[in-house]
>>> print(open('my_file-v7.pdb').read())   # PDB, C-alpha atoms
ATOM      1  CA  MET T  29      17.505 -10.986 -30.474  1.00  0.00           C
ATOM      2  CA  ASP T  30      20.433 -11.360 -32.864  1.00  0.00           C
ATOM      3  CA  ALA T  31      21.670  -7.798 -33.512  1.00  0.00           C
ATOM      4  CA  LEU T  32      22.291  -8.242 -37.243  1.00  0.00           C
ATOM      5  CA  ALA T  33      18.997 -10.012 -37.821  1.00  0.00           C
ATOM      6  CA  GLY T  34      17.183  -7.401 -35.769  1.00  0.00           C
ATOM      7  CA  THR T  35      18.720  -4.532 -37.705  1.00  0.00           C
ATOM      8  CA  ARG T  36      17.883  -6.167 -41.027  1.00  0.00           C
ATOM      9  CA  ALA T  37      14.303  -6.745 -39.890  1.00  0.00           C
ATOM     10  CA  LEU T  38      13.923  -3.092 -38.935  1.00  0.00           C
ATOM     11  CA  LEU T  39      15.324  -1.951 -42.275  1.00  0.00           C
ATOM     12  CA  VAL T  40      12.829  -4.185 -44.059  1.00  0.00           C
ATOM     13  CA  VAL T  41      10.012  -2.760 -41.943  1.00  0.00           C
ATOM     14  CA  ALA T  42      11.075   0.808 -42.646  1.00  0.00           C
ATOM     15  CA  CYS T  43      11.287  -0.010 -46.360  1.00  0.00           C
ATOM     16  CA  LEU T  44       7.771  -1.398 -46.310  1.00  0.00           C
ATOM     17  CA  LEU T  45       6.361   1.583 -44.455  1.00  0.00           C
ATOM     18  CA  LEU T  46       8.188   4.126 -46.578  1.00  0.00           C
ATOM     19  CA  ALA T  47       7.576   2.587 -49.959  1.00  0.00           C
ATOM     20  CA  GLY T  48       6.899  -1.140 -50.013  1.00  0.00           C
ATOM     21  CA  CYS T  49       9.148  -3.945 -51.199  1.00  0.00           C
ATOM     22  CA  THR T  50       8.435  -6.705 -53.674  1.00  0.00           C
ATOM     23  CA  GLY T  51      10.102  -9.262 -51.425  1.00  0.00           C
ATOM     24  CA  LEU T  52      11.422  -9.714 -47.891  1.00  0.00           C
ATOM     25  CA  ALA T  53      14.319 -12.037 -48.604  1.00  0.00           C
ATOM     26  CA  GLY T  54      16.809 -11.856 -51.416  1.00  0.00           C
ATOM     27  CA  ASP T  55      14.909  -9.111 -53.234  1.00  0.00           C
ATOM     28  CA  ASP T  56      15.828  -5.525 -52.461  1.00  0.00           C
ATOM     29  CA  SER T  57      13.830  -3.915 -55.270  1.00  0.00           C
ATOM     30  CA  VAL T  58      11.355  -1.268 -54.240  1.00  0.00           C
ATOM     31  CA  ASP T  59       7.960  -0.705 -55.804  1.00  0.00           C
ATOM     32  CA  ARG T  60       7.034   2.797 -54.691  1.00  0.00           C
ATOM     33  CA  GLU T  61       4.168   3.298 -57.130  1.00  0.00           C
ATOM     34  CA  ALA T  62       2.168   0.442 -55.642  1.00  0.00           C
ATOM     35  CA  TYR T  63       2.085   2.292 -52.320  1.00  0.00           C
ATOM     36  CA  GLY T  64       1.842   5.789 -53.753  1.00  0.00           C
ATOM     37  CA  VAL T  65       4.826   6.972 -51.724  1.00  0.00           C
ATOM     38  CA  ASP T  66       7.557   9.230 -53.058  1.00  0.00           C
ATOM     39  CA  GLU T  67      11.099   9.533 -51.773  1.00  0.00           C
ATOM     40  CA  PRO T  68      11.512  10.811 -48.192  1.00  0.00           C
ATOM     41  CA  VAL T  69      11.473  14.605 -48.109  1.00  0.00           C
ATOM     42  CA  GLN T  70      13.502  17.052 -46.105  1.00  0.00           C
ATOM     43  CA  PRO T  71      11.293  18.519 -43.371  1.00  0.00           C
ATOM     44  CA  ASP T  72      10.775  22.239 -43.768  1.00  0.00           C
ATOM     45  CA  GLU T  73       8.843  22.528 -40.534  1.00  0.00           C
ATOM     46  CA  SER T  74       7.332  20.421 -37.765  1.00  0.00           C
ATOM     47  CA  PRO T  75       4.502  18.071 -38.788  1.00  0.00           C
ATOM     48  CA  ASP T  76       0.958  19.269 -38.307  1.00  0.00           C
ATOM     49  CA  VAL T  77       0.340  16.323 -35.980  1.00  0.00           C
ATOM     50  CA  ALA T  78      -0.138  16.910 -32.265  1.00  0.00           C
ATOM     51  CA  GLY T  79       2.793  15.612 -30.229  1.00  0.00           C
ATOM     52  CA  LEU T  80       5.079  15.044 -33.228  1.00  0.00           C
ATOM     53  CA  GLY T  81       8.148  17.134 -34.033  1.00  0.00           C
ATOM     54  CA  ALA T  82      10.330  17.254 -37.130  1.00  0.00           C
ATOM     55  CA  ASP T  83      12.661  14.561 -35.817  1.00  0.00           C
ATOM     56  CA  ASN T  84      11.178  13.283 -32.555  1.00  0.00           C
ATOM     57  CA  VAL T  85       8.057  12.827 -30.445  1.00  0.00           C
ATOM     58  CA  THR T  86       7.453  15.933 -28.364  1.00  0.00           C
ATOM     59  CA  ASN T  87       4.384  14.753 -26.432  1.00  0.00           C
ATOM     60  CA  TRP T  88       3.446  11.082 -26.511  1.00  0.00           C
ATOM     61  CA  ILE T  89       0.116  11.659 -24.735  1.00  0.00           C
ATOM     62  CA  ALA T  90      -0.994  14.160 -27.384  1.00  0.00           C
ATOM     63  CA  LEU T  91       0.147  11.827 -30.178  1.00  0.00           C
ATOM     64  CA  TRP T  92      -1.645   8.769 -28.781  1.00  0.00           C
ATOM     65  CA  SER T  93      -4.750  10.780 -27.867  1.00  0.00           C
ATOM     66  CA  GLY T  94      -4.862  12.139 -31.414  1.00  0.00           C
ATOM     67  CA  HIS T  95      -4.780   8.594 -32.810  1.00  0.00           C
ATOM     68  CA  VAL T  96      -7.546   7.310 -30.540  1.00  0.00           C
ATOM     69  CA  GLY T  97      -9.637  10.463 -30.875  1.00  0.00           C
ATOM     70  CA  TYR T  98      -9.546  10.425 -34.666  1.00  0.00           C
ATOM     71  CA  LEU T  99     -10.597   6.773 -34.886  1.00  0.00           C
ATOM     72  CA  GLU T 100     -13.381   7.240 -32.356  1.00  0.00           C
ATOM     73  CA  GLY T 101     -15.107   9.615 -34.765  1.00  0.00           C
ATOM     74  CA  THR T 102     -14.921   7.600 -37.977  1.00  0.00           C
ATOM     75  CA  SER T 103     -15.164   4.202 -39.635  1.00  0.00           C
ATOM     76  CA  TYR T 104     -12.182   1.904 -40.149  1.00  0.00           C
ATOM     77  CA  GLU T 105     -10.923  -1.656 -40.313  1.00  0.00           C
ATOM     78  CA  ALA T 106      -8.061  -2.731 -38.070  1.00  0.00           C
ATOM     79  CA  THR T 107      -6.071  -5.957 -38.088  1.00  0.00           C
ATOM     80  CA  ALA T 108      -3.407  -7.186 -35.709  1.00  0.00           C
ATOM     81  CA  GLU T 109      -1.197 -10.250 -35.533  1.00  0.00           C
ATOM     82  CA  VAL T 110       1.045 -11.240 -32.640  1.00  0.00           C
ATOM     83  CA  THR T 111       3.399 -14.227 -32.748  1.00  0.00           C
ATOM     84  CA  TYR T 112       5.423 -15.824 -29.947  1.00  0.00           C
ATOM     85  CA  VAL T 113       8.481 -17.825 -30.991  1.00  0.00           C
ATOM     86  CA  ASP T 114      10.718 -19.853 -28.677  1.00  0.00           C
ATOM     87  CA  PRO T 115      14.565 -19.817 -28.847  1.00  0.00           C
ATOM     88  CA  ASN T 116      14.445 -22.863 -31.159  1.00  0.00           C
ATOM     89  CA  GLY T 117      12.369 -20.971 -33.730  1.00  0.00           C
ATOM     90  CA  THR T 118       9.118 -22.797 -32.963  1.00  0.00           C
ATOM     91  CA  VAL T 119       5.968 -20.682 -33.165  1.00  0.00           C
ATOM     92  CA  LEU T 120       4.239 -21.296 -29.836  1.00  0.00           C
ATOM     93  CA  GLU T 121       1.291 -18.961 -30.274  1.00  0.00           C
ATOM     94  CA  THR T 122      -0.323 -16.717 -32.844  1.00  0.00           C
ATOM     95  CA  ARG T 123      -3.085 -14.207 -32.128  1.00  0.00           C
ATOM     96  CA  ARG T 124      -4.978 -12.621 -35.008  1.00  0.00           C
ATOM     97  CA  SER T 125      -7.504  -9.849 -34.464  1.00  0.00           C
ATOM     98  CA  LYS T 126      -9.782  -7.954 -36.805  1.00  0.00           C
ATOM     99  CA  ALA T 127     -12.040  -5.057 -35.926  1.00  0.00           C
ATOM    100  CA  VAL T 128     -14.568  -3.552 -38.327  1.00  0.00           C
ATOM    101  CA  VAL T 129     -16.030  -0.278 -37.061  1.00  0.00           C
ATOM    102  CA  THR T 130     -18.797   1.493 -38.986  1.00  0.00           C
ATOM    103  CA  GLY T 131     -18.538   4.807 -37.176  1.00  0.00           C
ATOM    104  CA  THR T 132     -22.332   4.914 -36.902  1.00  0.00           C
ATOM    105  CA  GLY T 133     -22.798   2.327 -34.164  1.00  0.00           C
ATOM    106  CA  PRO T 134     -22.248  -1.352 -35.072  1.00  0.00           C
ATOM    107  CA  GLU T 135     -18.816  -2.886 -34.783  1.00  0.00           C
ATOM    108  CA  ARG T 136     -17.512  -6.433 -34.997  1.00  0.00           C
ATOM    109  CA  ILE T 137     -14.286  -7.820 -33.550  1.00  0.00           C
ATOM    110  CA  THR T 138     -12.897 -11.285 -34.190  1.00  0.00           C
ATOM    111  CA  VAL T 139      -9.943 -12.728 -32.269  1.00  0.00           C
ATOM    112  CA  GLU T 140      -8.356 -16.072 -33.144  1.00  0.00           C
ATOM    113  CA  ARG T 141      -5.734 -17.566 -30.854  1.00  0.00           C
ATOM    114  CA  THR T 142      -3.754 -20.627 -31.948  1.00  0.00           C
ATOM    115  CA  GLU T 143      -1.384 -22.384 -29.540  1.00  0.00           C
ATOM    116  CA  HIS T 144       1.125 -25.112 -30.340  1.00  0.00           C
ATOM    117  CA  ASP T 145       2.572 -27.540 -27.792  1.00  0.00           C
ATOM    118  CA  PRO T 146       6.028 -28.710 -28.996  1.00  0.00           C
ATOM    119  CA  GLU T 147       6.059 -31.618 -26.538  1.00  0.00           C
ATOM    120  CA  THR T 148       2.816 -33.184 -27.761  1.00  0.00           C
ATOM    121  CA  ASN T 149       2.890 -31.571 -31.230  1.00  0.00           C
ATOM    122  CA  GLU T 150      -0.759 -30.637 -30.712  1.00  0.00           C
ATOM    123  CA  THR T 151      -2.385 -27.390 -31.816  1.00  0.00           C
ATOM    124  CA  ALA T 152      -5.482 -25.785 -30.306  1.00  0.00           C
ATOM    125  CA  THR T 153      -7.464 -22.828 -31.642  1.00  0.00           C
ATOM    126  CA  ARG T 154      -9.805 -20.546 -29.722  1.00  0.00           C
ATOM    127  CA  THR T 155     -11.973 -17.980 -31.539  1.00  0.00           C
ATOM    128  CA  ILE T 156     -13.967 -15.089 -30.134  1.00  0.00           C
ATOM    129  CA  ASP T 157     -16.480 -13.246 -32.305  1.00  0.00           C
ATOM    130  CA  GLN T 158     -17.891 -10.078 -30.756  1.00  0.00           C
ATOM    131  CA  TRP T 159     -20.727  -7.834 -31.885  1.00  0.00           C
ATOM    132  CA  VAL T 160     -21.572  -4.382 -30.512  1.00  0.00           C
ATOM    133  CA  ASP T 161     -24.449  -2.109 -31.533  1.00  0.00           C
ATOM    134  CA  ASP T 162     -26.918   0.322 -29.960  1.00  0.00           C
ATOM    135  CA  ASN T 163     -28.707  -2.598 -28.270  1.00  0.00           C
ATOM    136  CA  GLY T 164     -25.620  -3.786 -26.430  1.00  0.00           C
ATOM    137  CA  ALA T 165     -22.873  -6.359 -26.904  1.00  0.00           C
ATOM    138  CA  ALA T 166     -22.585 -10.117 -27.281  1.00  0.00           C
ATOM    139  CA  HIS T 167     -19.738 -12.532 -27.937  1.00  0.00           C
ATOM    140  CA  ARG T 168     -19.443 -16.077 -29.227  1.00  0.00           C
ATOM    141  CA  LEU T 169     -16.620 -18.304 -27.987  1.00  0.00           C
ATOM    142  CA  THR T 170     -15.575 -21.329 -30.034  1.00  0.00           C
ATOM    143  CA  GLU T 171     -12.959 -23.794 -28.808  1.00  0.00           C
ATOM    144  CA  GLU T 172     -12.497 -27.458 -29.662  1.00  0.00           C
ATOM    145  CA  ASN T 173     -16.018 -28.765 -30.308  1.00  0.00           C
ATOM    146  CA  ARG T 174     -17.818 -26.332 -28.029  1.00  0.00           C
ATOM    147  CA  THR T 175     -19.484 -23.007 -28.841  1.00  0.00           C
ATOM    148  CA  THR T 176     -21.043 -20.660 -26.292  1.00  0.00           C
ATOM    149  CA  VAL T 177     -22.756 -17.282 -26.661  1.00  0.00           C
ATOM    150  CA  ASN T 178     -22.908 -14.704 -23.882  1.00  0.00           C
ATOM    151  CA  SER T 179     -23.896 -11.070 -23.511  1.00  0.00           C
ATOM    152  CA  GLY T 180     -21.391  -8.302 -22.893  1.00  0.00           C
ATOM    153  CA  PRO T 181     -17.987  -7.451 -24.428  1.00  0.00           C
ATOM    154  CA  LEU T 182     -14.991  -9.734 -23.982  1.00  0.00           C
ATOM    155  CA  VAL T 183     -12.254  -8.405 -26.304  1.00  0.00           C
ATOM    156  CA  SER T 184     -10.964  -4.943 -27.208  1.00  0.00           C
ATOM    157  CA  ASP T 185     -10.216  -3.142 -30.469  1.00  0.00           C
ATOM    158  CA  PRO T 186      -6.599  -3.827 -31.564  1.00  0.00           C
ATOM    159  CA  ALA T 187      -6.378  -0.324 -33.070  1.00  0.00           C
ATOM    160  CA  THR T 188      -6.962   1.515 -29.795  1.00  0.00           C
ATOM    161  CA  ARG T 189      -5.714  -1.020 -27.220  1.00  0.00           C
ATOM    162  CA  LEU T 190      -2.129  -2.052 -27.923  1.00  0.00           C
ATOM    163  CA  LEU T 191      -0.385  -4.996 -26.259  1.00  0.00           C
ATOM    164  CA  PHE T 192       2.295  -2.664 -24.928  1.00  0.00           C
ATOM    165  CA  GLU T 193       2.394   0.774 -23.327  1.00  0.00           C
ATOM    166  CA  PRO T 194       2.045   3.622 -25.869  1.00  0.00           C
ATOM    167  CA  GLY T 195       4.170   5.874 -23.677  1.00  0.00           C
ATOM    168  CA  ALA T 196       7.074   3.413 -23.692  1.00  0.00           C
ATOM    169  CA  LEU T 197       6.764   3.042 -27.466  1.00  0.00           C
ATOM    170  CA  PHE T 198       6.805   6.743 -28.296  1.00  0.00           C
ATOM    171  CA  ASP T 199       9.497   7.531 -25.722  1.00  0.00           C
ATOM    172  CA  ALA T 200      11.765   5.071 -27.553  1.00  0.00           C
ATOM    173  CA  VAL T 201      11.404   6.815 -30.946  1.00  0.00           C
ATOM    174  CA  GLU T 202      14.835   7.716 -32.320  1.00  0.00           C
ATOM    175  CA  ALA T 203      14.000   9.146 -35.744  1.00  0.00           C
ATOM    176  CA  VAL T 204      11.106  10.616 -37.730  1.00  0.00           C
ATOM    177  CA  THR T 205      11.139  10.450 -41.541  1.00  0.00           C
ATOM    178  CA  GLN T 206       8.662  12.529 -43.521  1.00  0.00           C
ATOM    179  CA  THR T 207       7.372  11.191 -46.828  1.00  0.00           C
ATOM    180  CA  ARG T 208       4.863  12.474 -49.355  1.00  0.00           C
ATOM    181  CA  SER T 209       2.271  10.131 -50.875  1.00  0.00           C
ATOM    182  CA  ASP T 210      -0.825  10.408 -53.025  1.00  0.00           C
ATOM    183  CA  ARG T 211      -2.794  10.440 -49.759  1.00  0.00           C
ATOM    184  CA  GLY T 212      -0.828  13.277 -48.203  1.00  0.00           C
ATOM    185  CA  MET T 213       2.128  13.420 -45.837  1.00  0.00           C
ATOM    186  CA  ARG T 214       3.149  10.341 -43.906  1.00  0.00           C
ATOM    187  CA  TYR T 215       5.560  10.091 -40.971  1.00  0.00           C
ATOM    188  CA  VAL T 216       7.660   7.011 -40.250  1.00  0.00           C
ATOM    189  CA  LEU T 217       8.757   6.723 -36.617  1.00  0.00           C
ATOM    190  CA  THR T 218      11.556   4.243 -35.921  1.00  0.00           C
ATOM    191  CA  GLY T 219      13.239   3.363 -32.675  1.00  0.00           C
ATOM    192  CA  SER T 220      14.472   0.730 -30.250  1.00  0.00           C
ATOM    193  CA  GLY T 221      14.565   0.033 -26.541  1.00  0.00           C
ATOM    194  CA  ASN T 222      12.410  -1.477 -23.835  1.00  0.00           C
ATOM    195  CA  VAL T 223       8.744  -1.154 -24.763  1.00  0.00           C
ATOM    196  CA  VAL T 224       6.918  -2.520 -21.724  1.00  0.00           C
ATOM    197  CA  PRO T 225       6.367  -5.443 -21.425  1.00  0.00           C
ATOM    198  CA  TYR T 226       8.970  -6.237 -24.121  1.00  0.00           C
ATOM    199  CA  GLN T 227      12.733  -5.758 -23.952  1.00  0.00           C
ATOM    200  CA  ASP T 228      15.293  -4.997 -26.662  1.00  0.00           C
ATOM    201  CA  ALA T 229      12.490  -4.056 -29.037  1.00  0.00           C
ATOM    202  CA  GLU T 230      12.841  -2.517 -32.493  1.00  0.00           C
ATOM    203  CA  PHE T 231       9.888  -0.943 -34.240  1.00  0.00           C
ATOM    204  CA  ALA T 232       8.554   1.232 -37.025  1.00  0.00           C
ATOM    205  CA  VAL T 233       5.293   3.204 -36.969  1.00  0.00           C
ATOM    206  CA  LEU T 234       3.571   4.896 -39.903  1.00  0.00           C
ATOM    207  CA  VAL T 235       1.497   7.942 -38.876  1.00  0.00           C
ATOM    208  CA  ALA T 236      -0.932   9.618 -41.299  1.00  0.00           C
ATOM    209  CA  ASP T 237      -1.153  13.391 -41.553  1.00  0.00           C
ATOM    210  CA  ASP T 238      -4.555  13.142 -39.852  1.00  0.00           C
ATOM    211  CA  GLY T 239      -2.754  11.877 -36.747  1.00  0.00           C
ATOM    212  CA  TYR T 240      -3.754   8.217 -36.648  1.00  0.00           C
ATOM    213  CA  ILE T 241      -1.439   5.210 -36.882  1.00  0.00           C
ATOM    214  CA  GLU T 242      -1.789   3.444 -40.228  1.00  0.00           C
ATOM    215  CA  ARG T 243       0.721   0.684 -39.585  1.00  0.00           C
ATOM    216  CA  LEU T 244       2.910  -0.535 -36.763  1.00  0.00           C
ATOM    217  CA  VAL T 245       5.494  -3.323 -36.620  1.00  0.00           C
ATOM    218  CA  LEU T 246       7.422  -4.260 -33.478  1.00  0.00           C
ATOM    219  CA  ARG T 247       9.792  -7.074 -32.642  1.00  0.00           C
ATOM    220  CA  GLY T 248      11.152  -7.655 -29.151  1.00  0.00           C
ATOM    221  CA  ASN T 249      11.934 -10.145 -26.409  1.00  0.00           C
ATOM    222  CA  GLY T 250       9.451 -11.171 -23.761  1.00  0.00           C
ATOM    223  CA  THR T 251       8.192 -14.087 -21.715  1.00  0.00           C
ATOM    224  CA  ARG T 252       5.309 -16.492 -22.180  1.00  0.00           C
ATOM    225  CA  ARG T 253       4.305 -18.602 -19.223  1.00  0.00           C
ATOM    226  CA  GLY T 254       7.660 -17.878 -17.646  1.00  0.00           C
ATOM    227  CA  GLU T 255       9.713 -18.897 -20.696  1.00  0.00           C
ATOM    228  CA  PRO T 256      11.678 -16.534 -23.000  1.00  0.00           C
ATOM    229  CA  VAL T 257      10.169 -15.810 -26.416  1.00  0.00           C
ATOM    230  CA  GLU T 258      10.603 -13.438 -29.329  1.00  0.00           C
ATOM    231  CA  VAL T 259       7.446 -11.441 -29.957  1.00  0.00           C
ATOM    232  CA  THR T 260       6.438  -9.846 -33.252  1.00  0.00           C
ATOM    233  CA  VAL T 261       3.489  -7.449 -33.484  1.00  0.00           C
ATOM    234  CA  HIS T 262       1.859  -6.179 -36.698  1.00  0.00           C
ATOM    235  CA  VAL T 263      -1.016  -3.657 -36.599  1.00  0.00           C
ATOM    236  CA  THR T 264      -2.712  -2.138 -39.654  1.00  0.00           C
ATOM    237  CA  VAL T 265      -5.529   0.426 -39.803  1.00  0.00           C
ATOM    238  CA  ASP T 266      -7.290   0.658 -43.157  1.00  0.00           C
ATOM    239  CA  ARG T 267     -10.519   1.875 -44.823  1.00  0.00           C
ATOM    240  CA  VAL T 268     -10.530   4.972 -42.622  1.00  0.00           C
ATOM    241  CA  GLY T 269     -13.550   7.160 -43.320  1.00  0.00           C
ATOM    242  CA  GLU T 270     -15.089   4.746 -45.847  1.00  0.00           C
ATOM    243  CA  VAL T 271     -18.723   3.686 -45.825  1.00  0.00           C
ATOM    244  CA  ILE T 272     -18.783   0.315 -44.056  1.00  0.00           C
ATOM    245  CA  ASP T 273     -21.972  -1.712 -43.680  1.00  0.00           C
ATOM    246  CA  LEU T 274     -22.294  -4.554 -41.199  1.00  0.00           C
ATOM    247  CA  GLU T 275     -25.125  -7.047 -40.869  1.00  0.00           C
ATOM    248  CA  ARG T 276     -26.063  -8.284 -37.428  1.00  0.00           C
ATOM    249  CA  PRO T 277     -24.890 -11.934 -37.182  1.00  0.00           C
ATOM    250  CA  ASP T 278     -27.511 -14.653 -36.739  1.00  0.00           C
ATOM    251  CA  TRP T 279     -25.846 -15.899 -33.551  1.00  0.00           C
ATOM    252  CA  VAL T 280     -26.425 -12.611 -31.673  1.00  0.00           C
ATOM    253  CA  PRO T 281     -29.356 -12.997 -29.237  1.00  0.00           C
ATOM    254  CA  ALA T 282     -32.396 -10.857 -30.015  1.00  0.00           C
ATOM    255  CA  ASN T 283     -32.470  -9.551 -26.427  1.00  0.00           C
ATOM    256  CA  THR T 284     -28.830  -8.434 -26.331  1.00  0.00           C
ATOM    257  CA  ARG T 285     -28.251  -5.639 -23.878  1.00  0.00           C
TER
END
>>> encode(input="my_file-v7.pdb", output="structure tokens")
Amino acid sequence: MDALAGTRALLVVACLLLAGCTGLAGDDSVDREAYGVDEPVQPDESPDVAGLGADNVTNWIALWSGHVGYLEGTSYEATAEVTYVDPNGTVLETRRSKAVVTGTGPERITVERTEHDPETNETATRTIDQWVDDNGAAHRLTEENRTTVNSGPLVSDPATRLLFEPGALFDAVEAVTQTRSDRGMRYVLTGSGNVVPYQDAEFAVLVADDGYIERLVLRGNGTRRGEPVEVTVHVTVDRVGEVIDLERPDWVPANTR
């Protein structure tokens, strides 16, 4: 990763997490009101979040467990996007995930994977739609002109199963910035380093005062099918604690177990 470009990207990410920006290129104005975030505040004491200190992570297991544990007991909507770019700047693959969890049983996860072959200039998309309720789980796989439906789970929730090791992420945190918003205190964790399986990564994580991760952005170097790529990961958790209703899709078999 180019050092200057990487640093600028991290500053943009931190700006977005702290306050939000009206543009990513050529526009440095900040619209704080839209995100309900005030200026960063000087920490008077350690955050009331397990595993998080005033300026560092004190226990990554407690911090990650607090995130997963909080989401396991409530409703939410999580989205994730992962892109793989080759050294020439060509996007080789994009994975988009969305999980809608009601907190009362039903949940639906959709994963779309698009791959581009630079040699043939062909693009292929594969979509998995998964439904889980008290009767069991089923998933529908769509690729090219073929669709199949099978019982059982196939994909995982992007909010609670990251594509890198949480321990490596939190161990690489270099700074914690406390901010106050109309939704309470927020904590921005920024850092860099090797976040397995990625190298030379830079990231920013927004943690709510309830202990769950609201937003995460990471950019690092990795490999795809043995070739070097730059990987960018975006994860957002929204609608936490809201009433979410889901209707059972028509494609789910009646005898799902």
>>> axis_aligned_box(input="my_file-v7.pdb", around="segment 211-219 of chain T", padding_each_side="6 Å", output="lines of an AutoDock Vina configuration file")
center_x = 5.2
center_y = 8.4
center_z = -41.2
size_x = 28.0
size_y = 22.1
size_z = 29.1
>>> closest_residue(input="my_file-v7.pdb", among="T:Ala127, T:Asp162, T:Trp279, T:Ile272", to="Val183 of chain T", atoms="all atoms listed in the file")
T:Ala127
>>> closest_residue(input="my_file-v7.pdb", among="T:Leu169, T:Ile241, T:Val204, T:Val110", to="Val216 of chain T", atoms="all atoms listed in the file")
T:Val204
>>> resolve_selection(input="my_file-v7.pdb", expression="the PyMOL selection byres ((chain T and resi 122) around 6)", output="JSON, numbers by chain")
{"T": [110, 111, 121, 123, 141, 142]}
>>> atom_distance(input="my_file-v7.pdb", atom1="atom CA of Arg252 of chain T", atom2="atom CA of Leu182 of chain T")
21.5 Å
>>> resolve_selection(input="my_file-v7.pdb", expression="the PyMOL selection byres ((chain T and resi 100-105) around 8)", output="mmCIF file with C-alpha atoms, in the coordinates of the input")
data_model
loop_
_atom_site.group_PDB
_atom_site.id
_atom_site.type_symbol
_atom_site.label_atom_id
_atom_site.label_comp_id
_atom_site.auth_asym_id
_atom_site.auth_seq_id
_atom_site.Cartn_x
_atom_site.Cartn_y
_atom_site.Cartn_z
ATOM 1 C CA VAL T 96 -7.546 7.310 -30.540
ATOM 2 C CA GLY T 97 -9.637 10.463 -30.875
ATOM 3 C CA TYR T 98 -9.546 10.425 -34.666
ATOM 4 C CA LEU T 99 -10.597 6.773 -34.886
ATOM 5 C CA ALA T 106 -8.061 -2.731 -38.070
ATOM 6 C CA THR T 107 -6.071 -5.957 -38.088
ATOM 7 C CA LYS T 126 -9.782 -7.954 -36.805
ATOM 8 C CA ALA T 127 -12.040 -5.057 -35.926
ATOM 9 C CA VAL T 128 -14.568 -3.552 -38.327
ATOM 10 C CA VAL T 129 -16.030 -0.278 -37.061
ATOM 11 C CA THR T 130 -18.797 1.493 -38.986
ATOM 12 C CA GLY T 131 -18.538 4.807 -37.176
ATOM 13 C CA THR T 132 -22.332 4.914 -36.902
ATOM 14 C CA VAL T 265 -5.529 0.426 -39.803
ATOM 15 C CA ASP T 266 -7.290 0.658 -43.157
ATOM 16 C CA ARG T 267 -10.519 1.875 -44.823
ATOM 17 C CA VAL T 268 -10.530 4.972 -42.622
ATOM 18 C CA GLY T 269 -13.550 7.160 -43.320
ATOM 19 C CA GLU T 270 -15.089 4.746 -45.847
ATOM 20 C CA VAL T 271 -18.723 3.686 -45.825
ATOM 21 C CA ILE T 272 -18.783 0.315 -44.056
#
>>> closest_residue(input="my_file-v7.pdb", among="T:Gly133, T:Asp114, T:Asn87, T:Ala166", to="Arg253 of chain T", atoms="all atoms listed in the file")
T:Asp114
>>> closest_residue(input="my_file-v7.pdb", among="T:Arg276, T:Glu242, T:Leu120, T:Thr86", to="Ala187 of chain T", atoms="only C-alpha atoms")
T:Glu242
>>> residues_around(input="my_file-v7.pdb", residues="segment 144-154 of chain T", least_positions_apart="6", cutoff="12 Å", atoms="all atoms listed in the file", output="list in words")
Thr111, Tyr112, Val113, Asp114, Asn116, Gly117, Thr118, Val119, Leu120, Glu121, Thr122, Arg123, Arg124, Ser125, Thr138, Arg168, Leu169, Thr170, Glu171, Glu172, Asn173, Arg174, Thr175 and Thr176 of chain T
>>> closest_residue(input="my_file-v7.pdb", among="T:Val223, T:Ala165, T:Val257, T:Ala200", to="Pro277 of chain T", atoms="all atoms listed in the file")
T:Ala165
>>> atom_distance(input="my_file-v7.pdb", atom1="atom CA of Gly248 of chain T", atom2="atom CA of Met213 of chain T")
28.4 Å
>>> atom_distance(input="my_file-v7.pdb", atom1="atom CA of Gly195 of chain T", atom2="atom CA of Ile89 of chain T")
7.1 Å
>>> closest_residue(input="my_file-v7.pdb", among="T:Ala78, T:Leu217, T:Ile156, T:Val263", to="Arg189 of chain T", atoms="all atoms listed in the file")
T:Val263
>>> resolve_selection(input="my_file-v7.pdb", expression="the PyMOL selection byres ((chain T and resi 220) around 7)", output="list of chain:residue names")
T:Ala200, T:Val201, T:Gly219, T:Gly221, T:Asp228, T:Ala229, T:Glu230, T:Phe231
>>> residues_near_point(input="my_file-v7.pdb", point="(6.6, -6.8, -30.3)", cutoff="7 Å", atoms="all atoms listed in the file", output="number ranges by chain")
T: 226, 229, 246-248, 259-261
>>> write_last_selection(input="my_file-v7.pdb", atoms="C-alpha atoms", output="PDB file, in the frame of the given file")
ATOM      1  CA  TYR T 226       8.970  -6.237 -24.121  1.00  0.00           C
ATOM      2  CA  ALA T 229      12.490  -4.056 -29.037  1.00  0.00           C
ATOM      3  CA  LEU T 246       7.422  -4.260 -33.478  1.00  0.00           C
ATOM      4  CA  ARG T 247       9.792  -7.074 -32.642  1.00  0.00           C
ATOM      5  CA  GLY T 248      11.152  -7.655 -29.151  1.00  0.00           C
ATOM      6  CA  VAL T 259       7.446 -11.441 -29.957  1.00  0.00           C
ATOM      7  CA  THR T 260       6.438  -9.846 -33.252  1.00  0.00           C
ATOM      8  CA  VAL T 261       3.489  -7.449 -33.484  1.00  0.00           C
TER       9      VAL T 261
END
>>> closest_atom_pairs(input="my_file-v7.pdb", of="segment 197-278 of chain T", to="segment 80-84 of chain T", cutoff="10 Å", atoms="only C-alpha atoms", output="tab-separated table")
residue	atom	partner	partner_atom	distance
T:Phe198	CA	T:Asn84	CA	8.9
T:Asp199	CA	T:Asn84	CA	9.1
T:Ala200	CA	T:Asn84	CA	9.6
T:Val201	CA	T:Asn84	CA	6.7
T:Glu202	CA	T:Asn84	CA	6.7
T:Ala203	CA	T:Asp83	CA	5.6
T:Val204	CA	T:Asp83	CA	4.7
T:Thr205	CA	T:Asp83	CA	7.2
T:Gln206	CA	T:Ala82	CA	8.1
T:Tyr215	CA	T:Leu80	CA	9.2
T:Leu217	CA	T:Asn84	CA	8.1
T:Thr218	CA	T:Asn84	CA	9.7
T:Val235	CA	T:Leu80	CA	9.8
T:Gly239	CA	T:Leu80	CA	9.2
